[in-house]
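Each remark here refers to the structure printed beneath this line.
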Amino acid sequence: RGEPIAADWQQIVVFVSIASMALGSFAAIGQTNIKRLMAYSSIGNVGFALVGLAANSETGVRGVIIYMAIYLVMTLGTFAFILAMRRKDGNVEQISDLAGLSSTNPMMATILTILMFSLAGIPPLAGFWAKWYVFLAAIDAGLYALAVIGVLASVVGAYYYLRIIKIMWFD
């Protein structure tokens, strides 16, 4: 273990982590704007990274670094694809604008699907391992409730990522 964080600081990090995961996950559910959904999702992802920081251990720090690196790539990739997509009347703004993408641009839909699955934390993709490491650090540190809350927030997050996939492939 590294230098111990004062108990109050650890509790603050735990609280901010939970608040960030909850806000990010639940605020993203009702979004119809794809960029806004990804912004709220990013708030939730900061909460997941803070799970590793709250563990106050070498495993936790390693988990934070891995998590941030993987989620940076996934989020930037997703934003790059969204910005690269054009409709006749301009940029893709609404999630519904992605309807039928699998028919009009199957390669783009496939890559965006992989990014969404990874952001959702679906094994064996990188996003799963990122979450695995921060949750493992929390469990090793005895922060069981934080790990459980993180897993529940991941399930909520998976819903809105899978909704995007459904719209691209089945609407």
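Here's how to read the names in the structure tokens: chain A, B, ... by the order shown, residue numbers from 1 in each chain, ligand numbers from 1 in the order shown.
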Using only C-alpha atoms, which residues of region 27-68 of chain A come within 12 Å of region 121-135 of chain A, and what is the closest atom pair for each, with the distance in Å to one decimal? Give it as JSON lines, sorted by chain and residue number.
```
{"residue": "A:Gly44", "atom": "CA", "partner": "A:Lys131", "partner_atom": "CA", "distance": 12.0}
{"residue": "A:Asn45", "atom": "CA", "partner": "A:Lys131", "partner_atom": "CA", "distance": 9.5}
{"residue": "A:Val46", "atom": "CA", "partner": "A:Lys131", "partner_atom": "CA", "distance": 11.5}
{"residue": "A:Gly47", "atom": "CA", "partner": "A:Val134", "partner_atom": "CA", "distance": 10.5}
{"residue": "A:Phe48", "atom": "CA", "partner": "A:Val134", "partner_atom": "CA", "distance": 7.2}
{"residue": "A:Ala49", "atom": "CA", "partner": "A:Val134", "partner_atom": "CA", "distance": 6.8}
{"residue": "A:Leu50", "atom": "CA", "partner": "A:Val134", "partner_atom": "CA", "distance": 8.3}
{"residue": "A:Val51", "atom": "CA", "partner": "A:Val134", "partner_atom": "CA", "distance": 5.9}
{"residue": "A:Gly52", "atom": "CA", "partner": "A:Val134", "partner_atom": "CA", "distance": 4.5}
{"residue": "A:Leu53", "atom": "CA", "partner": "A:Val134", "partner_atom": "CA", "distance": 8.2}
{"residue": "A:Ala54", "atom": "CA", "partner": "A:Val134", "partner_atom": "CA", "distance": 9.4}
{"residue": "A:Ala55", "atom": "CA", "partner": "A:Val134", "partner_atom": "CA", "distance": 8.4}
{"residue": "A:Asn56", "atom": "CA", "partner": "A:Val134", "partner_atom": "CA", "distance": 11.0}
{"residue": "A:Ser57", "atom": "CA", "partner": "A:Val134", "partner_atom": "CA", "distance": 10.6}
{"residue": "A:Glu58", "atom": "CA", "partner": "A:Val134", "partner_atom": "CA", "distance": 11.0}
{"residue": "A:Thr59", "atom": "CA", "partner": "A:Tyr133", "partner_atom": "CA", "distance": 7.6}
{"residue": "A:Gly60", "atom": "CA", "partner": "A:Val134", "partner_atom": "CA", "distance": 6.1}
{"residue": "A:Val61", "atom": "CA", "partner": "A:Val134", "partner_atom": "CA", "distance": 8.6}
{"residue": "A:Arg62", "atom": "CA", "partner": "A:Tyr133", "partner_atom": "CA", "distance": 7.8}
{"residue": "A:Gly63", "atom": "CA", "partner": "A:Val134", "partner_atom": "CA", "distance": 4.8}
{"residue": "A:Val64", "atom": "CA", "partner": "A:Val134", "partner_atom": "CA", "distance": 6.5}
{"residue": "A:Ile65", "atom": "CA", "partner": "A:Ala130", "partner_atom": "CA", "distance": 9.0}
{"residue": "A:Ile66", "atom": "CA", "partner": "A:Ala130", "partner_atom": "CA", "distance": 5.9}
{"residue": "A:Tyr67", "atom": "CA", "partner": "A:Ala130", "partner_atom": "CA", "distance": 4.4}
{"residue": "A:Met68", "atom": "CA", "partner": "A:Ala130", "partner_atom": "CA", "distance": 8.0}
```
(message) If we count only C-alpha atoms and set the cut-off at 6 Å, which residues sit around region 31-39 of chain A, ignoring sequence neighbours fewer than 2 positions away in its own chain? Please answer as a count of residues only.
(response) 7
Give me, as a Markdown table, each residue of region 91-141 of chain A that comes within 8 Å of region 154-164 of chain A, together with its shortest interatomic pair and the distance in Å at one decimal, counting only C-alpha atoms, with rows ordered by chain and rising residue number.
```
| residue | atom | partner | partner_atom | distance |
| --- | --- | --- | --- | --- |
| A:Ile95 | CA | A:Ile164 | CA | 6.7 |
| A:Leu98 | CA | A:Ile164 | CA | 7.8 |
| A:Met116 | CA | A:Tyr161 | CA | 5.5 |
| A:Phe117 | CA | A:Tyr161 | CA | 7.1 |
| A:Leu119 | CA | A:Tyr161 | CA | 7.4 |
| A:Ala120 | CA | A:Ala158 | CA | 4.5 |
| A:Gly121 | CA | A:Ser154 | CA | 7.3 |
```
Atoms to include: N, CA and C atoms. Write the selected residues as a tab-separated table (two decimals), in the first residue's frame.
```tsv
chain	number	residue	atom	x	y	z
A	95	ILE	N	-29.52	10.81	-31.11
A	95	ILE	CA	-29.26	9.37	-31.17
A	95	ILE	C	-30.07	8.75	-32.30
A	98	LEU	N	-28.74	8.05	-35.80
A	98	LEU	CA	-27.93	6.87	-36.07
A	98	LEU	C	-28.77	5.70	-36.58
A	116	MET	N	-18.98	1.08	-28.36
A	116	MET	CA	-20.08	1.10	-27.38
A	116	MET	C	-20.01	-0.11	-26.45
A	117	PHE	N	-19.75	-1.30	-27.02
A	117	PHE	CA	-19.61	-2.50	-26.18
A	117	PHE	C	-18.46	-2.34	-25.19
A	119	LEU	N	-17.19	0.57	-24.03
A	119	LEU	CA	-17.59	1.56	-23.03
A	119	LEU	C	-18.56	0.95	-22.02
A	120	ALA	N	-19.40	0.02	-22.48
A	120	ALA	CA	-20.35	-0.64	-21.59
A	120	ALA	C	-19.65	-1.63	-20.65
A	121	GLY	N	-18.41	-1.98	-20.96
A	121	GLY	CA	-17.68	-2.92	-20.11
A	121	GLY	C	-17.99	-4.37	-20.42
```
(request) Pick out the residues sitting within 12 Å of Val92 (chain A), and hand them over as a list in words; count only C-alpha atoms, and ignore anything fewer than 3 positions along from it in its own chain. (result)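 Final neighbour list, sorted by chain and number: Thr32, Asn33, Ile34, Lys35, Phe79, Ala80, Phe81, Ile82, Leu83, Ala84, Met85, Arg86, Arg87, Lys88, Asp89, Ile95, Ser96, Asp97, Leu98, Ala99 and Leu101 of chain A.
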Saved selection, atoms kept: C-alpha atoms, as a compact mmCIF listing (two decimals), in the first residue's frame:
```txt
# COMPACT_ATOMS: atom_id res chain seq x y z
CA THR A 32 -31.64 12.02 -26.97
CA ASN A 33 -28.61 14.11 -28.00
CA ILE A 34 -25.63 11.80 -28.63
CA LYS A 35 -22.98 14.35 -27.60
CA PHE A 79 -16.55 11.41 -30.50
CA ALA A 80 -14.37 11.18 -33.63
CA PHE A 81 -16.88 8.86 -35.29
CA ILE A 82 -19.83 11.01 -34.27
CA LEU A 83 -18.14 14.13 -35.63
CA ALA A 84 -17.15 12.32 -38.83
CA MET A 85 -20.73 11.26 -39.54
CA ARG A 86 -22.73 13.65 -41.63
CA ARG A 87 -26.35 13.76 -42.62
CA LYS A 88 -27.75 15.62 -45.59
CA ASP A 89 -28.80 18.44 -43.28
CA ILE A 95 -29.26 9.37 -31.17
CA SER A 96 -32.12 8.74 -33.59
CA ASP A 97 -29.88 10.13 -36.37
CA LEU A 98 -27.93 6.87 -36.07
CA ALA A 99 -30.98 4.79 -37.09
CA LEU A 101 -26.42 3.23 -39.86
```
(message) What parts of region 14-164 of chain A does DSSP call alpha helix (DSSP H)? I'd like the answer as a ChimeraX atom specification.
(response) /A:14-29,34-54,58-84,101-104,106-120,126-140,144-164
(message) At a cut-off of 9 Å, using only C-alpha atoms, what residues contact Leu23 (chain A)? Leave out same-chain residues fewer than 3 positions from it and give the result as a ChimeraX atom specification.
(response) /A:18-20,26-28,40-41,43-44
Can you spit out the residues from that selection as a short mmCIF file (atom, residue, chain, number, x, y, z; two decimals), in the first residue's frame, using N, CA and C atoms?
```
data_model
loop_
_atom_site.label_atom_id
_atom_site.label_comp_id
_atom_site.auth_asym_id
_atom_site.auth_seq_id
_atom_site.Cartn_x
_atom_site.Cartn_y
_atom_site.Cartn_z
N ILE A 18 -19.11 7.82 -5.98
CA ILE A 18 -20.50 7.36 -6.05
C ILE A 18 -21.39 8.42 -6.70
N ALA A 19 -21.22 9.67 -6.30
CA ALA A 19 -22.03 10.76 -6.87
C ALA A 19 -21.79 10.88 -8.37
N SER A 20 -20.55 10.78 -8.79
CA SER A 20 -20.20 10.89 -10.20
C SER A 20 -20.77 9.72 -11.01
N PHE A 26 -27.33 7.97 -14.53
CA PHE A 26 -28.77 8.25 -14.59
C PHE A 26 -29.10 9.45 -15.47
N ALA A 27 -28.22 10.44 -15.55
CA ALA A 27 -28.49 11.60 -16.41
C ALA A 27 -28.38 11.21 -17.88
N ALA A 28 -27.54 10.24 -18.20
CA ALA A 28 -27.36 9.84 -19.59
C ALA A 28 -28.56 9.06 -20.13
N TYR A 40 -22.40 13.12 -20.32
CA TYR A 40 -22.83 12.56 -19.03
C TYR A 40 -22.11 11.25 -18.75
N SER A 41 -21.93 10.46 -19.79
CA SER A 41 -21.21 9.20 -19.65
C SER A 41 -19.79 9.46 -19.14
N ILE A 43 -18.85 11.87 -17.20
CA ILE A 43 -18.94 12.16 -15.77
C ILE A 43 -18.95 10.85 -14.99
N GLY A 44 -19.73 9.89 -15.47
CA GLY A 44 -19.77 8.58 -14.83
C GLY A 44 -18.43 7.88 -14.88
#
```
(request) Tell me which of A:Ile167, A:Gly77, A:Thr110, A:Met21 sits closest to Val148 (chain A), counting only C-alpha atoms. (result)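 Among A:Ile167, A:Gly77, A:Thr110, A:Met21, it is A:Met21 that comes nearest to Val148 (chain A).
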(request) Mind the document's chain letters and residue numbers, and return as a ChimeraX atom specification the residues of region 44-143 of chain A that DSSP labels strand (DSSP E or B). (result) /A:86-87,90-91,94
